[in-house]
$ cat start.cif   # mmCIF, C-alpha atoms and all ligand atoms
data_model
#
loop_
_atom_site.label_atom_id
_atom_site.label_comp_id
_atom_site.auth_asym_id
_atom_site.auth_seq_id
_atom_site.Cartn_x
_atom_site.Cartn_y
_atom_site.Cartn_z
CA MET A 1 53.73 -62.86 18.88
CA SER A 2 55.90 -65.26 16.93
CA ARG A 3 54.66 -64.09 13.55
CA THR A 4 52.99 -60.99 12.18
CA ILE A 5 51.47 -60.34 8.77
CA GLY A 6 53.49 -58.12 6.40
CA ILE A 7 51.38 -55.62 4.50
CA GLY A 8 52.29 -53.95 1.20
CA ILE A 9 50.19 -50.87 0.48
CA LEU A 10 49.17 -49.98 -3.08
CA GLY A 11 48.09 -46.35 -3.60
CA LEU A 12 49.61 -43.96 -1.09
CA HIS A 13 47.08 -41.18 -0.80
CA GLU A 14 44.36 -42.74 1.37
CA GLY A 15 46.72 -45.71 1.76
CA ARG A 16 49.20 -43.43 3.54
CA THR A 17 46.78 -43.49 6.48
CA LEU A 18 47.29 -47.23 6.88
CA LEU A 19 51.04 -46.84 6.48
CA VAL A 20 51.14 -44.31 9.33
CA ALA A 21 48.70 -46.30 11.49
CA LEU A 22 50.88 -49.42 11.19
CA ASN A 23 54.19 -47.63 11.69
CA LEU A 24 53.87 -44.74 14.05
CA PRO A 25 52.75 -45.46 17.60
CA GLU A 26 49.41 -44.13 18.69
CA PRO A 27 49.89 -40.69 20.30
CA PRO A 28 49.16 -40.95 24.04
CA PRO A 29 45.68 -40.03 25.25
CA VAL A 30 45.37 -36.56 26.72
CA GLY A 31 47.02 -36.36 30.17
CA GLU A 32 48.60 -39.79 29.99
CA ASN A 33 52.19 -40.98 29.97
CA PRO A 34 53.66 -40.64 26.46
CA ALA A 35 54.51 -44.36 26.24
CA ALA A 36 54.62 -45.61 22.67
CA VAL A 37 51.69 -47.97 22.10
CA PRO A 38 51.54 -49.66 18.70
CA ARG A 39 48.08 -49.63 17.18
CA THR A 40 48.37 -53.17 15.83
CA ARG A 41 49.59 -56.53 17.21
CA TYR A 42 49.24 -58.78 14.19
CA ALA A 43 49.85 -56.52 11.16
CA ARG A 44 52.92 -54.54 10.17
CA ALA A 45 53.70 -52.46 7.07
CA VAL A 46 56.58 -53.69 4.93
CA ALA A 47 56.18 -51.96 1.55
CA GLY A 48 54.48 -49.13 -0.31
CA CYS A 49 53.78 -48.57 -4.00
CA ASP A 50 52.48 -45.58 -5.95
CA LEU A 51 52.99 -44.31 -9.48
CA ARG A 52 53.58 -40.77 -8.19
CA PRO A 53 57.11 -40.04 -6.88
CA GLU A 54 55.80 -37.33 -4.52
CA LYS A 55 53.56 -39.87 -2.79
CA LEU A 56 56.53 -42.22 -2.37
CA ALA A 57 58.69 -39.40 -1.01
CA GLU A 58 56.06 -38.43 1.54
CA ALA A 59 55.63 -42.07 2.65
CA ARG A 60 59.40 -42.54 2.89
CA ARG A 61 59.64 -39.48 5.12
CA LEU A 62 56.96 -40.90 7.45
CA ALA A 63 58.18 -44.52 7.45
CA PRO A 64 61.77 -44.62 6.13
CA ASP A 65 62.57 -48.31 6.62
CA LEU A 66 60.09 -49.86 4.20
CA PHE A 67 60.52 -51.01 0.60
CA TYR A 68 59.14 -48.44 -1.87
CA THR A 69 58.51 -48.76 -5.59
CA THR A 70 56.49 -47.37 -8.49
CA ASP A 71 56.19 -50.92 -9.89
CA TYR A 72 53.33 -53.01 -8.48
CA ALA A 73 54.91 -56.22 -9.85
CA ALA A 74 58.07 -55.50 -7.82
CA MET A 75 56.03 -55.22 -4.61
CA LEU A 76 54.12 -58.40 -5.46
CA ALA A 77 57.42 -60.27 -5.97
CA ARG A 78 58.51 -59.68 -2.35
CA PRO A 79 58.23 -62.63 0.04
CA ASP A 80 57.77 -60.31 3.06
CA VAL A 81 54.47 -59.04 1.60
CA ASP A 82 51.75 -61.43 2.85
CA VAL A 83 48.81 -59.10 2.22
CA VAL A 84 48.35 -56.32 -0.33
CA ALA A 85 46.16 -53.42 0.87
CA ILE A 86 44.65 -51.65 -2.17
CA TYR A 87 43.84 -47.91 -2.23
CA THR A 88 43.86 -47.14 -5.96
CA PRO A 89 40.93 -45.49 -7.82
CA ASP A 90 37.69 -47.53 -7.69
CA ALA A 91 37.78 -48.74 -11.30
CA LEU A 92 41.28 -50.26 -10.82
CA HIS A 93 40.47 -52.40 -7.77
CA GLY A 94 39.40 -55.45 -9.80
CA GLN A 95 42.61 -55.78 -11.80
CA HIS A 96 44.81 -55.00 -8.77
CA ILE A 97 43.05 -57.66 -6.65
CA ILE A 98 43.43 -60.29 -9.36
CA GLN A 99 47.15 -59.49 -9.79
CA ALA A 100 47.64 -59.90 -6.02
CA PHE A 101 45.74 -63.21 -5.90
CA GLU A 102 47.77 -64.54 -8.83
CA ALA A 103 51.00 -63.57 -7.03
CA GLY A 104 49.89 -65.66 -4.01
CA LYS A 105 48.92 -62.70 -1.82
CA ASP A 106 45.83 -62.18 0.32
CA VAL A 107 44.14 -58.78 -0.03
CA ILE A 108 42.58 -55.96 1.91
CA CYS A 109 40.64 -53.81 -0.57
CA THR A 110 39.21 -50.44 0.44
CA LYS A 111 35.59 -49.70 -0.41
CA PRO A 112 34.09 -50.08 -2.95
CA LEU A 113 35.38 -53.64 -3.49
CA VAL A 114 34.77 -53.19 -7.25
CA ASN A 115 32.44 -50.97 -9.26
CA SER A 116 31.13 -53.30 -11.96
CA LEU A 117 29.55 -56.76 -12.11
CA GLU A 118 32.12 -57.80 -14.69
CA ASP A 119 34.95 -57.08 -12.22
CA ALA A 120 32.96 -58.82 -9.46
CA ARG A 121 32.72 -61.95 -11.62
CA ARG A 122 36.44 -61.86 -12.49
CA VAL A 123 37.52 -61.36 -8.85
CA LEU A 124 35.32 -64.24 -7.64
CA GLU A 125 36.73 -66.51 -10.36
CA ALA A 126 40.31 -65.55 -9.45
CA SER A 127 39.76 -66.21 -5.74
CA ARG A 128 38.27 -69.63 -6.47
CA ARG A 129 41.17 -70.44 -8.81
CA THR A 130 43.94 -69.27 -6.44
CA GLY A 131 42.35 -69.94 -3.02
CA ARG A 132 43.39 -66.47 -1.79
CA ARG A 133 41.37 -64.52 0.80
CA LEU A 134 40.12 -60.94 0.86
CA MET A 135 38.67 -58.54 3.41
CA VAL A 136 36.84 -55.37 2.36
CA GLY A 137 38.19 -52.35 4.25
CA GLN A 138 34.79 -51.03 5.32
CA SER A 139 36.29 -48.44 7.65
CA VAL A 140 33.07 -47.26 9.33
CA ARG A 141 32.41 -50.67 10.89
CA PHE A 142 35.76 -50.25 12.69
CA PHE A 143 35.12 -46.75 14.13
CA GLU A 144 34.51 -46.62 17.88
CA PRO A 145 30.74 -45.88 18.06
CA PHE A 146 29.98 -48.49 15.39
CA ILE A 147 32.05 -51.09 17.29
CA ARG A 148 30.14 -50.29 20.51
CA GLN A 149 26.81 -50.42 18.67
CA ARG A 150 27.63 -53.83 17.19
CA GLN A 151 28.73 -55.24 20.54
CA ALA A 152 25.46 -54.07 22.12
CA PHE A 153 23.51 -55.66 19.25
CA GLU A 154 25.40 -58.94 19.71
CA ARG A 155 24.64 -58.84 23.45
CA GLY A 156 20.94 -58.67 22.48
CA GLU A 157 20.40 -55.15 23.81
CA ILE A 158 18.65 -53.91 20.66
CA GLY A 159 16.65 -57.10 20.19
CA ALA A 160 15.51 -57.96 16.67
CA VAL A 161 16.34 -55.16 14.22
CA GLU A 162 13.05 -53.86 12.78
CA LEU A 163 14.31 -50.87 10.76
CA VAL A 164 17.78 -49.73 9.68
CA ASP A 165 18.37 -46.10 8.65
CA ALA A 166 21.87 -45.20 7.42
CA HIS A 167 23.42 -42.35 5.47
CA TYR A 168 26.69 -40.96 4.19
CA ILE A 169 26.38 -37.30 3.18
CA HIS A 170 29.39 -35.07 2.50
CA ARG A 171 30.20 -32.16 0.18
CA MET A 172 32.71 -33.43 -2.36
CA ASP A 173 34.05 -30.49 -4.42
CA TRP A 174 37.47 -31.02 -2.78
CA TYR A 175 37.41 -34.65 -3.92
CA TYR A 176 36.78 -33.79 -7.60
CA ALA A 177 39.73 -31.41 -7.42
CA LYS A 178 42.01 -34.01 -5.78
CA SER A 179 40.85 -37.15 -7.63
CA PRO A 180 39.46 -36.25 -11.09
CA TRP A 181 38.75 -39.96 -11.76
CA ALA A 182 35.70 -39.57 -9.46
CA VAL A 183 33.96 -37.51 -12.18
CA ALA A 184 33.70 -40.20 -14.85
CA SER A 185 35.15 -43.60 -13.90
CA THR A 186 32.88 -44.54 -11.01
CA ASP A 187 29.40 -43.88 -9.64
CA TRP A 188 28.53 -42.36 -6.26
CA ILE A 189 26.53 -45.49 -5.46
CA PHE A 190 29.93 -47.24 -5.29
CA LEU A 191 32.20 -44.38 -4.20
CA GLY A 192 29.98 -43.03 -1.41
CA VAL A 193 26.80 -45.02 -0.81
CA SER A 194 28.98 -48.13 -0.34
CA HIS A 195 29.46 -47.02 3.29
CA PRO A 196 25.80 -46.89 4.44
CA LEU A 197 24.77 -49.80 2.19
CA ASP A 198 27.42 -51.96 3.84
CA LEU A 199 26.20 -50.88 7.27
CA ALA A 200 22.59 -51.73 6.37
CA ARG A 201 23.63 -55.08 4.87
CA TRP A 202 25.59 -55.83 8.09
CA TYR A 203 22.39 -55.76 10.15
CA LEU A 204 19.77 -56.83 7.61
CA GLY A 205 21.66 -59.79 6.14
CA PRO A 206 21.30 -60.71 2.45
CA ILE A 207 19.17 -58.22 0.49
CA ALA A 208 16.37 -59.47 -1.80
CA GLU A 209 15.15 -56.28 -3.49
CA VAL A 210 16.13 -52.64 -3.90
CA HIS A 211 14.07 -49.62 -4.96
CA ALA A 212 16.11 -46.46 -5.46
CA TYR A 213 15.77 -42.95 -6.82
CA GLY A 214 18.64 -40.73 -7.86
CA THR A 215 19.30 -37.20 -9.01
CA ARG A 216 22.22 -34.85 -9.61
CA SER A 217 23.14 -31.87 -7.41
CA ALA A 218 24.12 -28.44 -8.77
CA LEU A 219 27.65 -29.14 -7.56
CA ALA A 220 27.83 -32.43 -9.51
CA ALA A 221 26.48 -30.71 -12.63
CA ARG A 222 29.15 -28.01 -12.28
CA TYR A 223 31.93 -30.64 -12.22
CA GLY A 224 30.37 -32.65 -15.09
CA VAL A 225 29.82 -35.71 -12.89
CA GLN A 226 28.34 -38.55 -14.94
CA SER A 227 26.52 -40.46 -12.21
CA PHE A 228 23.78 -39.36 -9.83
CA ASP A 229 25.30 -37.94 -6.65
CA ILE A 230 22.08 -37.94 -4.62
CA TYR A 231 20.57 -41.35 -3.87
CA SER A 232 17.65 -42.55 -1.78
CA VAL A 233 17.59 -46.34 -1.52
CA ASN A 234 14.99 -48.63 0.06
CA LEU A 235 16.05 -52.17 0.91
CA LYS A 236 14.07 -55.34 1.57
CA ALA A 237 16.09 -58.16 3.09
CA VAL A 238 15.63 -61.86 2.37
CA SER A 239 14.51 -62.06 6.04
CA GLY A 240 11.72 -59.53 5.36
CA GLN A 241 13.39 -56.77 7.44
CA ILE A 242 13.62 -53.35 5.80
CA GLY A 243 16.03 -50.44 5.70
CA ARG A 244 16.73 -47.18 3.91
CA VAL A 245 19.97 -45.55 2.87
CA LEU A 246 20.69 -41.97 1.82
CA GLY A 247 23.68 -40.50 -0.02
CA HIS A 248 24.26 -36.84 -0.98
CA TYR A 249 27.63 -35.52 -2.20
CA GLY A 250 26.79 -31.97 -3.28
CA LEU A 251 25.19 -30.58 -0.14
CA HIS A 252 25.93 -27.71 2.22
CA GLU A 253 26.91 -29.50 5.42
CA LEU A 254 24.96 -29.07 8.64
CA PRO A 255 27.05 -31.35 10.86
CA SER A 256 25.42 -30.48 14.18
CA ALA A 257 22.11 -31.69 12.77
CA ARG A 258 23.46 -34.65 10.82
CA ASN A 259 26.91 -36.18 10.98
CA ALA A 260 28.47 -37.29 7.69
CA ILE A 261 27.83 -40.95 8.48
CA GLU A 262 25.14 -42.22 10.82
CA LEU A 263 23.62 -45.62 11.49
CA MET A 264 20.29 -45.72 13.32
CA LEU A 265 18.96 -49.08 14.46
CA TYR A 266 15.39 -49.46 15.64
CA GLY A 267 15.01 -52.81 17.39
CA SER A 268 12.37 -54.72 19.34
CA ALA A 269 14.27 -54.05 22.61
CA GLY A 270 15.83 -50.64 21.99
CA SER A 271 17.19 -48.03 19.58
CA SER A 272 20.75 -46.89 18.93
CA LEU A 273 22.67 -44.38 16.82
CA ALA A 274 26.36 -44.40 15.87
CA GLN A 275 28.01 -41.29 14.38
CA TYR A 276 31.04 -40.32 12.30
CA HIS A 277 32.80 -37.74 12.42
CA ASP A 278 31.54 -37.04 15.91
CA MET A 279 32.41 -40.07 17.97
CA ARG A 280 29.06 -40.37 19.69
CA TYR A 281 27.07 -43.50 20.41
CA LEU A 282 23.52 -42.93 21.64
CA HIS A 283 21.28 -45.70 22.87
CA THR A 284 18.35 -46.57 25.07
CA ALA A 285 18.63 -48.25 28.46
CA PRO A 286 16.10 -51.02 29.22
CA ASP A 287 13.91 -48.50 31.11
CA GLY A 288 13.88 -46.16 28.08
CA THR A 289 16.45 -43.68 29.39
CA GLN A 290 18.57 -42.17 26.61
CA ILE A 291 22.31 -42.70 27.14
CA VAL A 292 24.93 -40.69 25.27
CA GLU A 293 28.47 -42.08 25.11
CA ASP A 294 31.04 -39.63 23.77
CA PRO A 295 34.56 -41.11 23.71
CA LEU A 296 35.93 -38.40 21.37
CA TYR A 297 38.48 -36.91 23.75
CA ARG A 298 39.49 -40.30 25.16
CA LYS A 299 39.96 -41.87 21.72
CA ARG A 300 40.78 -38.99 19.38
CA ALA A 301 44.52 -39.74 19.33
CA TYR A 302 43.88 -43.33 18.31
CA TYR A 303 41.35 -42.61 15.56
CA PHE A 304 42.41 -39.17 14.37
CA ASN A 305 46.13 -39.15 15.22
CA ASN A 306 45.51 -36.17 17.49
CA GLU A 307 43.65 -34.11 14.91
CA VAL A 308 40.03 -34.00 15.95
CA HIS A 309 37.84 -35.03 13.01
CA GLY A 310 40.65 -36.03 10.68
CA MET A 311 41.45 -39.17 8.70
CA HIS A 312 40.94 -42.84 9.53
CA TYR A 313 44.04 -44.00 11.44
CA GLY A 314 42.17 -46.05 14.04
CA GLU A 315 39.67 -47.67 11.68
CA PHE A 316 42.33 -48.74 9.17
CA ALA A 317 44.56 -50.16 11.95
CA ASN A 318 41.55 -51.99 13.41
CA TYR A 319 40.57 -53.71 10.18
CA ALA A 320 44.15 -54.55 9.16
CA ASP A 321 44.75 -56.13 12.57
CA ALA A 322 41.43 -58.00 12.50
CA PHE A 323 42.28 -59.50 9.09
CA ALA A 324 45.90 -60.30 10.05
CA ARG A 325 44.73 -62.03 13.23
CA ALA A 326 42.11 -64.03 11.34
CA LEU A 327 44.74 -65.17 8.81
CA LEU A 328 47.16 -66.21 11.57
CA GLU A 329 44.52 -68.01 13.62
CA GLY A 330 42.44 -69.39 10.73
CA THR A 331 39.25 -67.75 12.01
CA PRO A 332 36.43 -65.97 10.11
CA TYR A 333 36.45 -62.23 9.45
CA SER A 334 33.95 -59.74 8.05
CA PRO A 335 33.25 -58.40 5.51
CA ASP A 336 34.85 -61.24 3.54
CA LEU A 337 34.91 -61.55 -0.26
CA ILE A 338 31.48 -63.18 -0.57
CA GLU A 339 29.75 -60.62 1.65
CA GLY A 340 31.60 -57.84 -0.19
CA LEU A 341 30.49 -59.17 -3.59
CA GLU A 342 26.88 -59.46 -2.38
CA THR A 343 27.05 -55.81 -1.38
CA VAL A 344 28.44 -54.92 -4.82
CA CYS A 345 25.35 -56.60 -6.32
CA VAL A 346 23.12 -54.53 -3.99
CA MET A 347 24.92 -51.35 -5.11
CA GLU A 348 24.48 -52.30 -8.76
CA ALA A 349 20.80 -53.11 -8.14
CA ALA A 350 20.39 -49.61 -6.61
CA ARG A 351 22.17 -48.00 -9.57
CA ARG A 352 19.90 -49.82 -12.05
CA SER A 353 16.78 -49.09 -10.01
CA ALA A 354 17.59 -45.36 -9.86
CA SER A 355 17.96 -45.21 -13.64
CA SER A 356 14.90 -47.34 -14.46
CA GLY A 357 12.61 -46.05 -11.69
CA GLY A 358 11.42 -49.52 -10.71
CA PRO A 359 12.45 -52.07 -8.07
CA VAL A 360 15.35 -54.44 -8.89
CA ALA A 361 15.76 -57.98 -7.50
CA VAL A 362 19.29 -58.85 -6.35
CA ALA A 363 19.25 -62.62 -7.05
CA PRO A 364 19.73 -62.35 -10.87
CA LEU A 365 22.79 -60.10 -10.30
CA LEU A 366 24.29 -62.63 -7.87
CA ALA A 367 23.74 -65.33 -10.51
CA GLU A 368 25.39 -63.12 -13.15
CA ILE A 369 28.66 -62.96 -11.17
CA GLY A 370 28.65 -66.66 -10.23
CA LEU A 371 27.09 -66.48 -6.75
CA GLY A 372 23.76 -68.06 -7.72
N1 LIG B 401 36.94 -44.44 4.39
C1 LIG B 401 37.58 -45.08 3.43
O1 LIG B 401 37.75 -46.26 3.55
C2 LIG B 401 38.06 -44.35 2.20
C3 LIG B 401 38.27 -42.98 2.25
C4 LIG B 401 38.74 -42.34 1.08
C5 LIG B 401 38.96 -43.07 -0.09
N2 LIG B 401 38.71 -44.42 -0.09
C6 LIG B 401 38.94 -45.22 -1.31
O2 LIG B 401 40.35 -45.33 -1.49
C7 LIG B 401 40.64 -45.38 -2.90
C8 LIG B 401 41.69 -44.31 -3.22
O3 LIG B 401 41.12 -43.04 -2.94
P1 LIG B 401 42.06 -41.76 -2.81
O4 LIG B 401 41.20 -40.67 -2.30
O5 LIG B 401 43.32 -42.09 -2.10
O6 LIG B 401 42.39 -41.51 -4.37
P2 LIG B 401 43.62 -40.69 -4.99
O7 LIG B 401 43.27 -40.44 -6.40
O8 LIG B 401 43.93 -39.50 -4.11
O9 LIG B 401 44.86 -41.66 -4.84
C9 LIG B 401 44.98 -42.88 -5.57
C10 LIG B 401 46.48 -43.20 -5.66
O10 LIG B 401 46.64 -44.44 -6.37
C11 LIG B 401 47.82 -44.32 -7.17
N3 LIG B 401 47.76 -45.32 -8.25
C12 LIG B 401 46.87 -45.41 -9.26
N4 LIG B 401 47.18 -46.46 -10.07
C13 LIG B 401 48.28 -47.04 -9.53
C14 LIG B 401 49.08 -48.18 -9.90
N5 LIG B 401 48.80 -48.91 -10.99
N6 LIG B 401 50.16 -48.47 -9.14
C15 LIG B 401 50.46 -47.73 -8.05
N7 LIG B 401 49.74 -46.65 -7.66
C16 LIG B 401 48.66 -46.32 -8.39
C17 LIG B 401 47.77 -42.87 -7.67
O11 LIG B 401 49.05 -42.43 -8.10
C18 LIG B 401 47.26 -42.13 -6.44
O12 LIG B 401 48.32 -41.63 -5.63
C19 LIG B 401 39.32 -45.20 -3.64
O13 LIG B 401 38.82 -46.44 -4.03
C20 LIG B 401 38.40 -44.59 -2.59
O14 LIG B 401 37.05 -44.93 -2.81
C21 LIG B 401 38.29 -45.06 1.04
#

$ encode --input "start.cif" --output "C-alpha cells" --more "lines below"
Ligand SMILES: NC(=O)c1ccc[n+]([C@@H]2O[C@H](COP(=O)([O-])OP(=O)(O)OC[C@H]3O[C@@H](n4cnc5c(N)ncnc54)[C@H](O)[C@@H]3O)[C@@H](O)[C@H]2O)c1
Amino acid sequence: MSRTIGIGILGLHEGRTLLVALNLPEPPPVGENPAAVPRTRYARAVAGCDLRPEKLAEARRLAPDLFYTTDYAAMLARPDVDVVAIYTPDALHGQHIIQAFEAGKDVICTKPLVNSLEDARRVLEASRRTGRRLMVGQSVRFFEPFIRQRQAFERGEIGAVELVDAHYIHRMDWYYAKSPWAVASTDWIFLGVSHPLDLARWYLGPIAEVHAYGTRSALAARYGVQSFDIYSVNLKAVSGQIGRVLGHYGLHELPSARNAIELMLYGSAGSSLAQYHDMRYLHTAPDGTQIVEDPLYRKRAYYFNNEVHGMHYGEFANYADAFARALLEGTPYSPDLIEGLETVCVMEAARRSASSGGPVAVAPLLAEIGLG
C-alpha cells in the first residue's frame, strides 16, 4: 500500500475499541502461530481526543505513539487526520460531524448518525456545502454472521426477501450508570433500535411507512428515562416488502433463547438468521436442510480480542477499513450519508408513531431535512 487513511478518534470510551483495533495486531487464532496480523490494510489510527484526562491516559497506555488532546479543534487542525471517527454522546454527533466537514475531514460516525431531524438537515447541508463524505459505523453489519448472511443474499441464496424480523434487546442499567446522558438527551429509538432498523432498511430498501408502539420498562422508570425503552415497529417498504423490529432495554436477558441482536430473513428461496453476541449463522440449504455455522472459536480473537462475547474490535476495524479503502479507490460504501439520513427519518417516524399511536409516512420527514 502506498497510502493509508489516517484516522483521528473523537470520544475514547467506545472509540477506544477502534483505537485498539487499528493499533494492536489481532491476537492469533487458537492453536496458530502467534504472528502479528494487522486487522486493517487501509486505515491507521493517528490521533485521539477526549475531554476526560483518564480516557486519554488509558488510550496513551494502549497506543503510545499517537497524538492526544482534549481539544477537538487541535485534532481537526492536523494534516495527518484524513477521517474523524466520532464516538461522543448521541446528541453531540451533529455538531461534531459539521465541525469535521468544515475542517476538510471525512467522517465515520457511530450509530445513531444523529438523533433529531434538525441535526439531520444541518449535516446534509454541511456535506453538500463542503463535499465531504461520511460512513455510518453500523457495527452489526460488519460482524461475521451478518457478513456471511449478506454474501449469501447477494449470491441469490435467499431469493427475494419476503419478511425481515430484527431485534436488539439488552438490559441497560449498566449503561445509565456509565453514561448518564442516555437518560434524557436521546431516545432508545436512536440509541438502541438504530441497530435493527438499519438491518431491516439494508434488506428492505427505502421505507414508506412506519407503525410503532412504545412503552417504558420498570427499569427505565427507576432511572427516570424520558423516552420509551420498549419499542415494537412495523415497516412497509417503498417496494411493498414488510418487516418488523423490536427493541427492549429493561429486560431480564435470556440469551440462549434470544441473542441480543438477531436478523431473520425469510426469502422466496430460503431463510437465514444471523446472531450477536453468539457468532452463529443459521440458514437453509436448497433441499431444506438446516445448516448451522458457528465461527466463534475460529474468529473470537479477531472480533472480541480474545474475550469471548466482549466489545466490537473486529466490526469497527472492518468498517474503518471498508471506508478507508472506498476513499482511496473512489468506490461506493454503505451505509453512506444519504442512507444513514433516510434511516434517521425512519427512526423519527417510529418515535412519532409510538407517541401518536397511528402510522407515520416517511416521505414528509425526508422532505423536511432536504431529501425530498
Ligand atoms: N455498537 C456500536 O456501534 C456502539 C456501541 C456502544 C456505543 N455506541 C455509540 O457510541 C457513542 C458513545 O457511546 P459511549 O458508550 O462511548 O459513551 P460514553 O459516555 O461512555 O463516552 C463518550 C465520551 O465522549 C467524550 N466527549 C464528549 N464530548 C466530547 C468533546 N466535545 N470532545 C472530546 N470528547 C468528548 C466523553 O468525555 C466520553 O469519554 C454513542 O453515540 C453510542 O450510541 C455505539

$ closest_residue --input "start.cif" --among "A:Ala45, A:Ile86, A:Ala218, A:Val161" --to "Gly270 (chain A)" --atoms "only C-alpha atoms"
A:Val161

$ residues_near_ligand --input "start.cif" --ligand "ligand LIG 401 (chain B)" --cutoff "9 Å" --atoms "only C-alpha atoms and all ligand atoms" --output "number ranges by chain"
A: 10-16, 48-56, 69-72, 86-93, 96, 109-114, 137-140, 175, 178-182, 190-192, 195, 311-312, 315-316

$ closest_residue --input "start.cif" --among "A:Leu62, A:Gly330, A:Val107, A:Gly8" --to "Met75 (chain A)" --atoms "only C-alpha atoms"
A:Gly8

$ atom_distance --input "start.cif" --atom1 "CA of Pro64 (chain A)" --atom2 "CA of Leu19 (chain A)"
11.0 Å

$ closest_residue --input "start.cif" --among "A:Pro286, A:Pro38, A:Pro335, A:Gly243" --to "Gly159 (chain A)" --atoms "only C-alpha atoms"
A:Pro286

$ decode --input "start.cif" --residues "region 240-264 of chain A" --atoms "C-alpha atoms" --output "PDB file, in the first residue's frame"
ATOM      1  CA  GLY A 240     -44.134  -3.223  -0.741  1.00  0.00           C
ATOM      2  CA  GLN A 241     -41.964  -5.647   1.311  1.00  0.00           C
ATOM      3  CA  ILE A 242     -42.571  -5.658   5.060  1.00  0.00           C
ATOM      4  CA  GLY A 243     -40.550  -6.070   8.233  1.00  0.00           C
ATOM      5  CA  ARG A 244     -40.763  -5.744  11.994  1.00  0.00           C
ATOM      6  CA  VAL A 245     -38.251  -4.542  14.544  1.00  0.00           C
ATOM      7  CA  LEU A 246     -38.192  -4.970  18.317  1.00  0.00           C
ATOM      8  CA  GLY A 247     -36.199  -3.104  20.973  1.00  0.00           C
ATOM      9  CA  HIS A 248     -36.246  -3.687  24.753  1.00  0.00           C
ATOM     10  CA  TYR A 249     -33.660  -2.170  27.115  1.00  0.00           C
ATOM     11  CA  GLY A 250     -35.045  -3.048  30.547  1.00  0.00           C
ATOM     12  CA  LEU A 251     -35.436  -6.807  30.271  1.00  0.00           C
ATOM     13  CA  HIS A 252     -34.036  -9.808  32.109  1.00  0.00           C
ATOM     14  CA  GLU A 253     -31.825 -11.429  29.492  1.00  0.00           C
ATOM     15  CA  LEU A 254     -32.448 -14.955  28.244  1.00  0.00           C
ATOM     16  CA  PRO A 255     -29.547 -15.188  25.794  1.00  0.00           C
ATOM     17  CA  SER A 256     -29.869 -18.885  24.962  1.00  0.00           C
ATOM     18  CA  ALA A 257     -33.380 -18.215  23.711  1.00  0.00           C
ATOM     19  CA  ARG A 258     -32.690 -14.866  22.069  1.00  0.00           C
ATOM     20  CA  ASN A 259     -29.348 -13.253  21.361  1.00  0.00           C
ATOM     21  CA  ALA A 260     -29.075  -9.501  21.944  1.00  0.00           C
ATOM     22  CA  ILE A 261     -29.155  -8.799  18.211  1.00  0.00           C
ATOM     23  CA  GLU A 262     -30.690 -11.079  15.614  1.00  0.00           C
ATOM     24  CA  LEU A 263     -31.649 -10.654  11.978  1.00  0.00           C
ATOM     25  CA  MET A 264     -34.030 -13.206  10.486  1.00  0.00           C
TER      26      MET A 264
END
